[in-house]
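Trainee: So that you have it, the file is run.cif, and it contains mmCIF, C-alpha atoms:
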```cif
data_structure
#
loop_
_atom_site.label_atom_id
_atom_site.label_comp_id
_atom_site.auth_asym_id
_atom_site.auth_seq_id
_atom_site.Cartn_x
_atom_site.Cartn_y
_atom_site.Cartn_z
CA MET L 1 -48.20 -15.65 0.92
CA PRO L 2 -46.95 -19.27 0.84
CA ALA L 3 -45.05 -20.43 -2.19
CA PRO L 4 -47.15 -22.49 -4.62
CA THR L 5 -46.83 -26.27 -4.60
CA LEU L 6 -45.76 -27.77 -7.90
CA MET L 7 -47.13 -31.02 -9.34
CA THR L 8 -45.50 -33.38 -11.82
CA VAL L 9 -46.61 -36.70 -13.32
CA THR L 10 -44.24 -39.65 -13.24
CA GLY L 11 -45.77 -42.57 -15.15
CA THR L 12 -49.24 -42.95 -13.60
CA THR L 13 -48.30 -41.30 -10.32
CA LEU L 14 -49.00 -37.67 -9.36
CA VAL L 15 -46.06 -36.32 -7.42
CA LEU L 16 -46.25 -33.21 -5.26
CA THR L 17 -43.08 -31.19 -5.06
CA GLY L 18 -42.06 -28.24 -2.95
CA PRO L 19 -41.38 -24.69 -4.11
CA PRO L 20 -38.41 -24.15 -6.44
CA PRO L 21 -35.14 -23.54 -4.64
CA PRO L 22 -34.15 -19.88 -4.29
CA PRO L 23 -31.45 -18.65 -6.67
CA ARG L 24 -27.95 -19.25 -5.35
CA ARG L 25 -26.29 -16.15 -4.00
CA ARG L 26 -22.72 -15.46 -4.89
CA PRO L 27 -20.24 -15.79 -2.01
CA ARG L 28 -19.65 -12.52 -0.30
CA ALA L 29 -15.96 -12.51 -1.19
CA SER L 30 -16.81 -12.44 -4.91
CA ARG L 31 -19.05 -9.37 -4.71
CA GLY L 32 -17.93 -5.78 -4.58
CA GLY L 33 -14.83 -4.10 -5.87
CA PRO L 34 -11.37 -5.65 -6.07
CA TYR L 35 -10.22 -4.21 -2.75
CA ARG L 36 -13.32 -5.45 -0.97
CA ARG L 37 -12.68 -8.94 -2.35
CA LEU L 38 -9.05 -8.66 -1.32
CA PHE L 39 -9.73 -7.89 2.33
CA ALA L 40 -12.60 -10.36 2.59
CA ARG L 41 -9.99 -13.11 2.78
CA PRO L 42 -9.38 -14.38 6.32
CA GLY L 43 -6.48 -12.77 8.16
CA THR L 44 -5.69 -10.09 5.61
CA ARG L 45 -7.04 -7.16 7.60
CA ALA L 46 -5.15 -8.13 10.72
CA PHE L 47 -1.70 -8.44 9.14
CA THR L 48 -2.31 -5.32 7.04
CA ALA L 49 -3.09 -3.28 10.16
CA GLY L 50 0.17 -4.32 11.81
CA ASN L 51 2.05 -3.81 8.56
CA LEU L 52 0.84 -0.22 8.15
CA VAL L 53 1.68 0.69 11.74
CA ALA L 54 5.17 -0.79 11.35
CA ARG L 55 5.72 0.80 7.95
CA LEU L 56 4.85 4.38 8.94
CA PRO L 57 8.18 4.87 10.80
CA MET L 58 10.07 4.24 7.55
CA GLY L 59 9.20 7.79 6.58
CA MET L 60 9.98 9.12 10.06
CA PHE L 61 13.42 7.84 11.09
CA GLY L 62 15.56 9.85 8.68
CA ILE L 63 14.05 13.29 9.20
CA SER L 64 13.70 12.66 12.95
CA ALA L 65 17.40 11.84 13.24
CA VAL L 66 18.40 14.88 11.18
CA MET L 67 16.27 17.27 13.23
CA MET L 68 17.35 15.75 16.54
CA ILE L 69 21.09 15.72 15.78
CA ALA L 70 21.12 19.13 14.09
CA GLY L 71 19.11 20.62 16.93
CA GLN L 72 21.39 19.29 19.66
CA ARG L 73 24.77 19.38 17.89
CA GLY L 74 24.14 22.37 15.61
CA SER L 75 25.44 20.64 12.47
CA TYR L 76 23.38 19.52 9.51
CA ALA L 77 26.55 18.10 7.96
CA LEU L 78 26.93 15.74 10.93
CA ALA L 79 23.26 14.85 10.83
CA GLY L 80 23.45 14.07 7.12
CA ALA L 81 26.58 11.98 7.55
CA VAL L 82 24.99 9.92 10.33
CA THR L 83 21.84 9.17 8.31
CA ALA L 84 23.91 8.39 5.21
CA THR L 85 25.93 5.90 7.24
CA GLY L 86 22.73 4.25 8.41
CA LEU L 87 21.52 4.02 4.81
CA ALA L 88 24.78 2.40 3.73
CA ALA L 89 24.56 -0.07 6.61
CA THR L 90 21.00 -0.92 5.61
CA ALA L 91 22.11 -1.66 2.06
CA LEU L 92 24.57 -4.23 3.45
CA VAL L 93 22.48 -5.77 6.23
CA ALA L 94 18.93 -5.81 4.81
CA PRO L 95 19.46 -8.60 2.24
CA TRP L 96 21.00 -10.83 4.92
CA THR L 97 18.07 -10.16 7.25
CA ALA L 98 15.64 -10.98 4.45
CA ARG L 99 17.51 -14.22 3.71
CA LEU L 100 17.12 -15.26 7.35
CA VAL L 101 13.41 -14.40 7.21
CA ASP L 102 12.96 -16.68 4.21
CA ARG L 103 14.89 -19.48 5.92
CA PHE L 104 13.54 -19.35 9.48
CA GLY L 105 10.22 -17.50 9.19
CA GLN L 106 9.01 -13.94 9.64
CA ALA L 107 8.21 -14.06 13.35
CA ARG L 108 11.45 -15.77 14.41
CA ILE L 109 13.67 -13.24 12.65
CA ALA L 110 11.66 -10.01 12.35
CA VAL L 111 10.98 -9.63 16.08
CA PRO L 112 14.61 -9.87 17.32
CA ALA L 113 15.81 -7.82 14.34
CA THR L 114 13.29 -5.13 15.23
CA LEU L 115 14.38 -5.16 18.87
CA ILE L 116 17.98 -4.51 17.80
CA ALA L 117 16.86 -1.63 15.58
CA VAL L 118 14.72 -0.12 18.35
CA LEU L 119 17.61 -0.36 20.82
CA GLY L 120 19.79 1.42 18.25
CA SER L 121 17.27 4.26 18.02
CA LEU L 122 17.03 4.56 21.81
CA CYS L 123 20.81 4.50 22.06
CA LEU L 124 20.99 7.32 19.53
CA ILE L 125 18.63 9.41 21.66
CA VAL L 126 20.76 8.83 24.75
CA CYS L 127 24.00 9.63 22.93
CA VAL L 128 22.60 12.86 21.51
CA ARG L 129 21.16 13.96 24.85
CA THR L 130 24.31 13.19 26.84
CA GLN L 131 26.73 14.76 24.34
CA ALA L 132 28.45 11.40 23.83
CA PRO L 133 31.38 11.19 21.38
CA THR L 134 30.45 11.64 17.74
CA TRP L 135 31.34 8.09 16.77
CA THR L 136 28.60 6.79 19.05
CA LEU L 137 26.00 8.50 16.89
CA PHE L 138 27.24 6.65 13.82
CA ALA L 139 27.35 3.33 15.66
CA SER L 140 23.87 3.76 17.14
CA TYR L 141 22.20 4.71 13.88
CA ALA L 142 23.99 1.91 12.02
CA ALA L 143 22.31 -0.56 14.39
CA THR L 144 18.93 0.41 12.94
CA ALA L 145 19.99 -1.33 9.71
CA THR L 146 18.50 -4.55 11.10
CA THR L 147 14.99 -3.14 10.60
CA PRO L 148 13.19 -5.84 8.58
CA ASN L 149 11.61 -5.06 5.22
CA ILE L 150 8.00 -4.84 6.41
CA GLY L 151 6.64 -4.14 2.94
CA GLY L 152 8.47 -7.15 1.54
CA MET L 153 7.10 -9.46 4.22
CA SER L 154 3.59 -8.19 3.58
CA ARG L 155 3.97 -8.74 -0.16
CA ALA L 156 5.22 -12.27 0.55
CA ARG L 157 2.02 -13.00 2.47
CA TRP L 158 -0.14 -11.72 -0.37
CA THR L 159 1.83 -13.83 -2.83
CA LEU L 160 1.19 -16.95 -0.76
CA LEU L 161 -2.52 -16.22 -0.33
CA LEU L 162 -3.13 -15.23 -3.95
CA ARG L 163 -0.87 -17.67 -5.78
CA ASP L 164 -3.88 -18.93 -7.78
CA ALA L 165 -5.49 -15.51 -8.32
CA PRO L 166 -3.25 -13.33 -10.53
CA ALA L 167 -5.79 -10.51 -10.86
CA ASP L 168 -6.17 -10.23 -7.08
CA HIS L 169 -2.40 -10.44 -6.69
CA HIS L 170 -2.05 -7.41 -8.99
CA THR L 171 -4.57 -5.55 -6.82
CA ALA L 172 -2.64 -6.49 -3.67
CA MET L 173 0.67 -5.30 -5.12
CA SER L 174 -0.95 -2.01 -6.13
CA PHE L 175 -2.31 -1.58 -2.63
CA GLU L 176 1.14 -2.22 -1.17
CA GLN L 177 2.69 0.43 -3.41
CA ALA L 178 -0.02 2.91 -2.40
CA ALA L 179 0.66 2.05 1.25
CA ASP L 180 4.35 2.80 0.72
CA GLU L 181 3.50 6.21 -0.70
CA LEU L 182 1.01 6.95 2.09
CA CYS L 183 3.58 6.15 4.77
CA TYR L 184 6.25 8.26 3.11
CA LEU L 185 3.67 11.02 2.78
CA LEU L 186 2.55 11.01 6.42
CA GLY L 187 5.83 9.93 8.06
CA PRO L 188 7.89 13.09 7.47
CA VAL L 189 4.96 15.31 8.43
CA ALA L 190 4.45 13.42 11.68
CA ALA L 191 8.17 13.39 12.45
CA ALA L 192 8.65 17.10 11.80
CA SER L 193 5.60 17.96 13.91
CA LEU L 194 6.76 15.84 16.85
CA CYS L 195 10.32 17.16 16.75
CA THR L 196 9.25 20.80 16.61
CA LEU L 197 6.09 20.84 18.74
CA VAL L 198 6.99 18.29 21.45
CA PHE L 199 10.76 17.87 21.86
CA PRO L 200 13.60 17.06 19.43
CA GLU L 201 13.77 13.38 20.35
CA ALA L 202 10.01 12.82 20.11
CA GLY L 203 10.09 11.85 16.43
CA THR L 204 12.67 9.10 16.90
CA LEU L 205 10.98 7.84 20.06
CA ALA L 206 7.56 7.67 18.40
CA ALA L 207 8.97 5.97 15.29
CA ALA L 208 10.72 3.30 17.37
CA SER L 209 7.56 2.65 19.38
CA LEU L 210 5.37 2.34 16.28
CA LEU L 211 7.86 0.02 14.62
CA LEU L 212 7.95 -2.34 17.60
CA VAL L 213 4.18 -2.41 18.10
CA GLY L 214 3.49 -2.84 14.40
CA VAL L 215 5.94 -5.71 13.96
CA LEU L 216 4.55 -7.50 17.02
CA VAL L 217 1.00 -7.21 15.68
CA PHE L 218 2.08 -8.22 12.18
CA THR L 219 4.08 -11.28 13.21
CA ALA L 220 1.34 -12.42 15.62
CA GLN L 221 -0.80 -13.29 12.57
CA ARG L 222 0.72 -16.74 12.08
CA ALA L 223 -2.04 -18.16 9.86
CA THR L 224 -0.99 -16.01 6.88
CA GLU L 225 2.77 -16.31 7.42
CA PRO L 226 4.64 -18.03 4.57
CA PRO L 227 6.23 -21.28 5.70
CA PRO L 228 10.00 -21.02 6.23
CA THR L 229 12.23 -23.00 3.93
CA GLY L 230 14.17 -24.34 6.93
CA VAL L 231 17.28 -25.03 4.87
CA ARG L 232 20.36 -23.02 4.12
CA PRO L 233 19.89 -21.67 0.60
CA ALA L 234 22.37 -22.82 -2.01
CA ARG L 235 24.56 -20.19 -3.59
CA SER L 236 23.14 -21.16 -6.97
CA SER L 237 19.60 -20.24 -5.84
CA SER L 238 20.47 -16.64 -5.05
CA PRO L 239 18.00 -14.21 -6.66
CA LEU L 240 20.78 -11.72 -7.40
CA PRO L 241 21.77 -13.02 -10.87
CA ALA L 242 18.16 -13.11 -12.09
CA LEU L 243 17.37 -9.68 -10.63
CA LEU L 244 20.60 -7.93 -11.54
CA PRO L 245 19.24 -6.41 -14.78
CA LEU L 246 16.22 -5.07 -12.89
CA LEU L 247 18.22 -3.63 -10.00
CA GLY L 248 19.59 -0.93 -12.28
CA LEU L 249 16.03 0.06 -13.10
CA PHE L 250 15.15 0.29 -9.41
CA ALA L 251 18.28 2.34 -8.73
CA ALA L 252 17.27 4.74 -11.51
CA THR L 253 13.80 5.17 -10.02
CA GLY L 254 15.47 5.86 -6.67
CA VAL L 255 17.48 8.61 -8.36
CA ILE L 256 14.17 10.07 -9.52
CA PHE L 257 12.80 10.13 -5.99
CA GLY L 258 15.90 11.56 -4.36
CA SER L 259 16.68 14.18 -6.98
CA MET L 260 13.09 15.35 -7.35
CA GLU L 261 12.74 15.96 -3.61
CA VAL L 262 15.98 17.92 -3.21
CA THR L 263 15.46 19.90 -6.41
CA SER L 264 11.89 20.83 -5.52
CA ILE L 265 12.86 22.01 -2.04
CA ALA L 266 15.72 24.10 -3.43
CA HIS L 267 13.63 25.52 -6.27
CA LEU L 268 10.77 26.61 -4.05
CA ASP L 269 13.17 28.08 -1.51
CA ALA L 270 14.98 30.04 -4.22
CA HIS L 271 11.67 31.59 -5.28
CA GLY L 272 10.67 32.52 -1.74
CA LEU L 273 8.19 29.67 -1.48
CA GLY L 274 10.03 27.50 1.02
CA ALA L 275 6.95 27.18 3.22
CA ALA L 276 5.13 25.46 0.35
CA ALA L 277 7.75 22.72 -0.01
CA GLY L 278 6.02 20.31 2.37
CA PRO L 279 2.54 20.57 0.83
CA VAL L 280 3.93 20.42 -2.72
CA LEU L 281 5.95 17.28 -2.01
CA ALA L 282 2.95 15.81 -0.21
CA LEU L 283 0.93 16.43 -3.37
CA GLN L 284 3.46 14.40 -5.36
CA ALA L 285 3.20 11.48 -2.91
CA ALA L 286 -0.60 11.76 -2.88
CA GLY L 287 -0.64 11.48 -6.67
CA SER L 288 1.40 8.30 -6.49
CA CYS L 289 -0.81 6.86 -3.74
CA ALA L 290 -4.02 7.56 -5.67
CA ALA L 291 -2.57 6.21 -8.89
CA GLY L 292 -1.47 3.03 -7.13
CA LEU L 293 -4.96 2.37 -5.78
CA LEU L 294 -6.54 3.10 -9.17
CA TYR L 295 -4.02 0.90 -10.97
CA GLY L 296 -5.04 -1.99 -8.72
CA THR L 297 -8.55 -1.89 -10.22
CA ARG L 298 -7.27 -2.04 -13.80
CA ARG L 299 -5.52 -4.67 -15.86
CA PRO L 300 -1.75 -4.49 -15.44
CA ARG L 301 0.24 -2.86 -18.21
CA GLY L 302 3.60 -3.83 -19.63
CA LEU L 303 6.80 -2.41 -18.29
CA ARG L 304 7.54 -0.57 -21.53
CA ALA L 305 4.25 1.32 -21.43
CA CYS L 306 4.74 2.31 -17.78
CA LEU L 307 8.30 3.51 -18.37
CA VAL L 308 7.33 5.54 -21.44
CA VAL L 309 4.63 7.30 -19.42
CA LEU L 310 7.16 7.83 -16.61
CA CYS L 311 9.62 9.48 -19.00
CA ALA L 312 6.96 11.85 -20.30
CA ALA L 313 5.73 12.69 -16.79
CA MET L 314 9.22 13.45 -15.45
CA ALA L 315 9.72 16.08 -18.15
CA LEU L 316 6.73 18.04 -16.87
CA PRO L 317 8.32 19.49 -13.66
CA TRP L 318 11.35 20.60 -15.70
CA ALA L 319 9.08 22.49 -18.09
CA ALA L 320 6.89 23.89 -15.30
CA ALA L 321 9.88 25.09 -13.27
CA ALA L 322 11.00 27.27 -16.16
CA GLY L 323 7.82 29.32 -15.75
CA GLY L 324 8.56 30.13 -12.10
CA SER L 325 4.93 29.70 -11.02
CA LEU L 326 3.87 27.52 -8.11
CA VAL L 327 0.58 26.14 -9.44
CA PRO L 328 1.92 24.63 -12.70
CA LEU L 329 4.83 23.11 -10.81
CA ALA L 330 2.51 21.59 -8.20
CA LEU L 331 0.31 20.07 -10.92
CA ALA L 332 3.37 18.77 -12.76
CA LEU L 333 4.64 17.10 -9.58
CA LEU L 334 1.18 15.60 -9.00
CA LEU L 335 1.25 14.02 -12.48
CA ALA L 336 4.87 12.94 -12.04
CA GLY L 337 3.96 11.21 -8.79
CA ALA L 338 0.99 9.50 -10.43
CA ALA L 339 3.31 7.98 -13.05
CA THR L 340 5.63 6.31 -10.54
CA ALA L 341 3.19 3.91 -8.86
CA PRO L 342 2.25 1.84 -11.96
CA THR L 343 5.93 1.55 -12.85
CA MET L 344 6.87 0.34 -9.38
CA VAL L 345 3.98 -2.14 -9.22
CA THR L 346 4.83 -3.60 -12.62
CA ALA L 347 8.55 -3.81 -11.85
CA MET L 348 7.88 -5.44 -8.48
CA SER L 349 5.69 -8.02 -10.19
CA GLU L 350 8.66 -8.83 -12.39
CA VAL L 351 10.74 -9.30 -9.23
CA HIS L 352 8.17 -11.83 -8.02
CA ARG L 353 8.35 -13.68 -11.33
CA ARG L 354 12.15 -13.89 -11.41
CA THR L 355 12.86 -14.66 -7.75
CA PRO L 356 13.51 -18.36 -6.98
CA GLU L 357 10.99 -20.09 -4.73
CA GLY L 358 11.68 -19.58 -1.05
CA ARG L 359 13.74 -16.41 -1.59
CA LEU L 360 10.96 -13.86 -2.11
CA ASN L 361 11.80 -11.65 0.88
CA GLU L 362 15.42 -11.53 -0.18
CA GLY L 363 14.52 -10.69 -3.76
CA MET L 364 12.22 -7.83 -2.80
CA THR L 365 14.73 -6.52 -0.27
CA LEU L 366 17.39 -6.38 -2.99
CA ALA L 367 15.00 -4.24 -5.03
CA VAL L 368 14.33 -1.93 -2.08
CA THR L 369 18.06 -1.68 -1.38
CA ALA L 370 18.64 -0.60 -4.99
CA ILE L 371 15.97 2.07 -4.60
CA LEU L 372 17.58 3.37 -1.39
CA ALA L 373 20.97 3.51 -3.10
CA GLY L 374 19.38 5.45 -5.94
CA ILE L 375 17.71 7.88 -3.54
CA ALA L 376 21.04 8.61 -1.85
CA THR L 377 22.76 9.08 -5.22
CA GLY L 378 19.95 11.25 -6.55
CA SER L 379 19.93 13.46 -3.48
CA ALA L 380 23.68 14.05 -3.67
CA ALA L 381 23.63 14.63 -7.43
CA ALA L 382 20.71 17.05 -7.16
CA GLY L 383 22.51 19.05 -4.47
CA ALA L 384 25.53 19.42 -6.73
CA ALA L 385 23.34 20.31 -9.73
CA VAL L 386 21.51 22.99 -7.77
CA GLU L 387 24.82 24.53 -6.70
CA HIS L 388 26.38 24.59 -10.17
CA LEU L 389 23.47 24.70 -12.63
CA GLY L 390 20.60 26.34 -10.75
CA THR L 391 17.32 24.97 -9.54
CA THR L 392 15.53 24.90 -12.90
CA SER L 393 18.24 22.99 -14.73
CA ALA L 394 18.48 20.54 -11.85
CA TYR L 395 15.03 19.23 -12.83
CA ALA L 396 16.76 17.65 -15.82
CA LEU L 397 18.21 15.06 -13.45
CA PRO L 398 14.96 13.17 -12.67
CA ALA L 399 14.03 13.38 -16.36
CA ALA L 400 17.38 11.84 -17.29
CA ALA L 401 16.96 9.17 -14.61
CA ALA L 402 13.54 8.25 -16.05
CA LEU L 403 15.10 7.86 -19.49
CA ALA L 404 17.82 5.67 -17.99
CA ALA L 405 15.13 3.56 -16.29
CA LEU L 406 13.41 3.07 -19.66
CA LEU L 407 16.63 1.94 -21.32
CA LEU L 408 17.49 -0.37 -18.43
CA GLY L 409 13.97 -1.79 -18.41
CA LEU L 410 14.20 -2.62 -22.10
CA ALA L 411 17.62 -4.17 -21.60
CA SER L 412 16.36 -6.32 -18.71
CA ARG L 413 14.30 -8.46 -21.10
CA ALA L 414 11.23 -7.98 -18.94
CA PRO L 415 7.79 -8.56 -20.49
CA LEU L 416 6.98 -5.54 -22.64
CA THR L 417 3.27 -6.21 -22.95
CA ARG L 418 0.51 -6.52 -20.42
CA THR L 419 0.75 -9.60 -18.24
CA GLY L 420 -2.80 -10.06 -17.04
#
```
Give the structure from this file in structure tokens form.
Mentor:
Amino acid sequence: MPAPTLMTVTGTTLVLTGPPPPPRRRPRASRGGPYRRLFARPGTRAFTAGNLVARLPMGMFGISAVMMIAGQRGSYALAGAVTATGLAATALVAPWTARLVDRFGQARIAVPATLIAVLGSLCLIVCVRTQAPTWTLFASYAATATTPNIGGMSRARWTLLLRDAPADHHTAMSFEQAADELCYLLGPVAAASLCTLVFPEAGTLAAASLLLVGVLVFTAQRATEPPPTGVRPARSSSPLPALLPLLGLFAATGVIFGSMEVTSIAHLDAHGLGAAAGPVLALQAAGSCAAGLLYGTRRPRGLRACLVVLCAAMALPWAAAAGGSLVPLALALLLAGAATAPTMVTAMSEVHRRTPEGRLNEGMTLAVTAILAGIATGSAAAGAAVEHLGTTSAYALPAAAALAALLLGLASRAPLTRTG
């Protein structure tokens, strides 16, 4: 049925007009949930795909190296020392790599840095297979320290794209935290399966391949790449002084991660439930992943609120472990994992706020380095606590680290109320 013709009178003239215009439809990008709006932006799906492929190996390299070296050389002590050396090298090299990324651009630095890291992994495989001298293992794994901070580069792209949309930026940062948890959830499982079901070097080989392919796909998306500063940064513009109060908080959260993992493995093994360690730890990571995605659909909270919840949640595994039952402990770890994502998202947003312009990759890499240092410290401290205090008492360590994070967060003068 044709639309009716409308008539109006202008002075003494009868004017025929057409049908009224249809109601304006909202742009597609503004409809749907926050994540649908996020990925409706041009180029976001492409760089996210490459980013996820490149980030998955972050959860694979460590366990792959341990299983490969221990399987061929028969020494977990050697395997642990090699991976610890690589972690220490990363703490030294990663901020410098990030500084070069900020100065010269992601593609120009990330690709050659990734090639060096991949060659280090391949060299490690050769040295292990050929029974090369022990020092070659340390040197090879140390070369992987040039691996660029993929998560940081992805967050830098979101920050550029969403600089005028703080609500969408919060959603993007929540997604990135959930992606971190997903990769650290799936990475160890994939690595362990490859090393045991295929051959001992398969985990390292697969991780190196995924890293290279993912970085190439990610850096090929030039339209969303932040422009390089092109100048040598002045010493006065370093993000370290502004971030120093927060780095202690990130180190404390790293202690939570490292100590919780070691303590849970030891506790379950002591109760004859060693086979459940993988699924239980996966449940903790899944809780954090789900909480991160949910948090991205809500208004951001203040750092104080997140840290208070974190403190309460980290006391739950300690209480559940005293009962000696698997189900309460698994649920407690699920809730503990769910409390970490909002804290990390909020703290990372504070890193964005404090980092000088043009130094975002370096600022986020400093935060990640602090977390890695905390994980190493927490793992070592938890091992000693298990030996001397028992597996139940060792759960006090992540609870104490959460309390330390709260105190450090308050001392950092970060915003204590919601920011958006």
Trainee: Between atom CA of L:Thr147 and atom CA of L:Arg163, what distance in Å does the model show, to one decimal?
Mentor: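 Separation of atom CA of L:Thr147 and atom CA of L:Arg163: 27.0 Å.
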Trainee: Selected by the PyMOL selection byres ((chain L and resi 38-45) around 9) in the shown coordinates: which residues, as a list in words?
Mentor: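 That selection, the PyMOL selection byres ((chain L and resi 38-45) around 9), comes back as Arg28, Ala29, Ser30, Gly33, Pro34, Tyr35, Arg36, Arg37, Ala46, Phe47, Thr48, Ala49, Gly50, Arg157, Trp158, Leu161, Asp168, His169, Thr171, Ala172, Gln221, Ala223 and Thr224 of chain L.
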Trainee: Using all atoms listed in the file, which of the listed residues (L:Ala208, L:Ala336, L:Ala385, L:Pro148) sits closest to L:Ser288?
Mentor: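 Closest to L:Ser288 of all the choices is L:Ala336.
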Trainee: Using the chain letters and numbering of this document, enumerate as a PyMOL selection string the residues selected by the PyMOL selection byres ((chain L and resi 207) around 10).
Mentor: chain L and resi 53-61+64+118+121+187+190-191+202-206+208-212
Trainee: What does the distance from atom CA of L:Val198 to atom CA of L:Met67 come to in Å, to one decimal?
Mentor: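 We find that atom CA of L:Val198 and atom CA of L:Met67 lie 12.4 Å from each other.
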Trainee: In Å, how far is it from atom CA of L:Ser259 to atom CA of L:Ala89?
Mentor: 21.2 Å
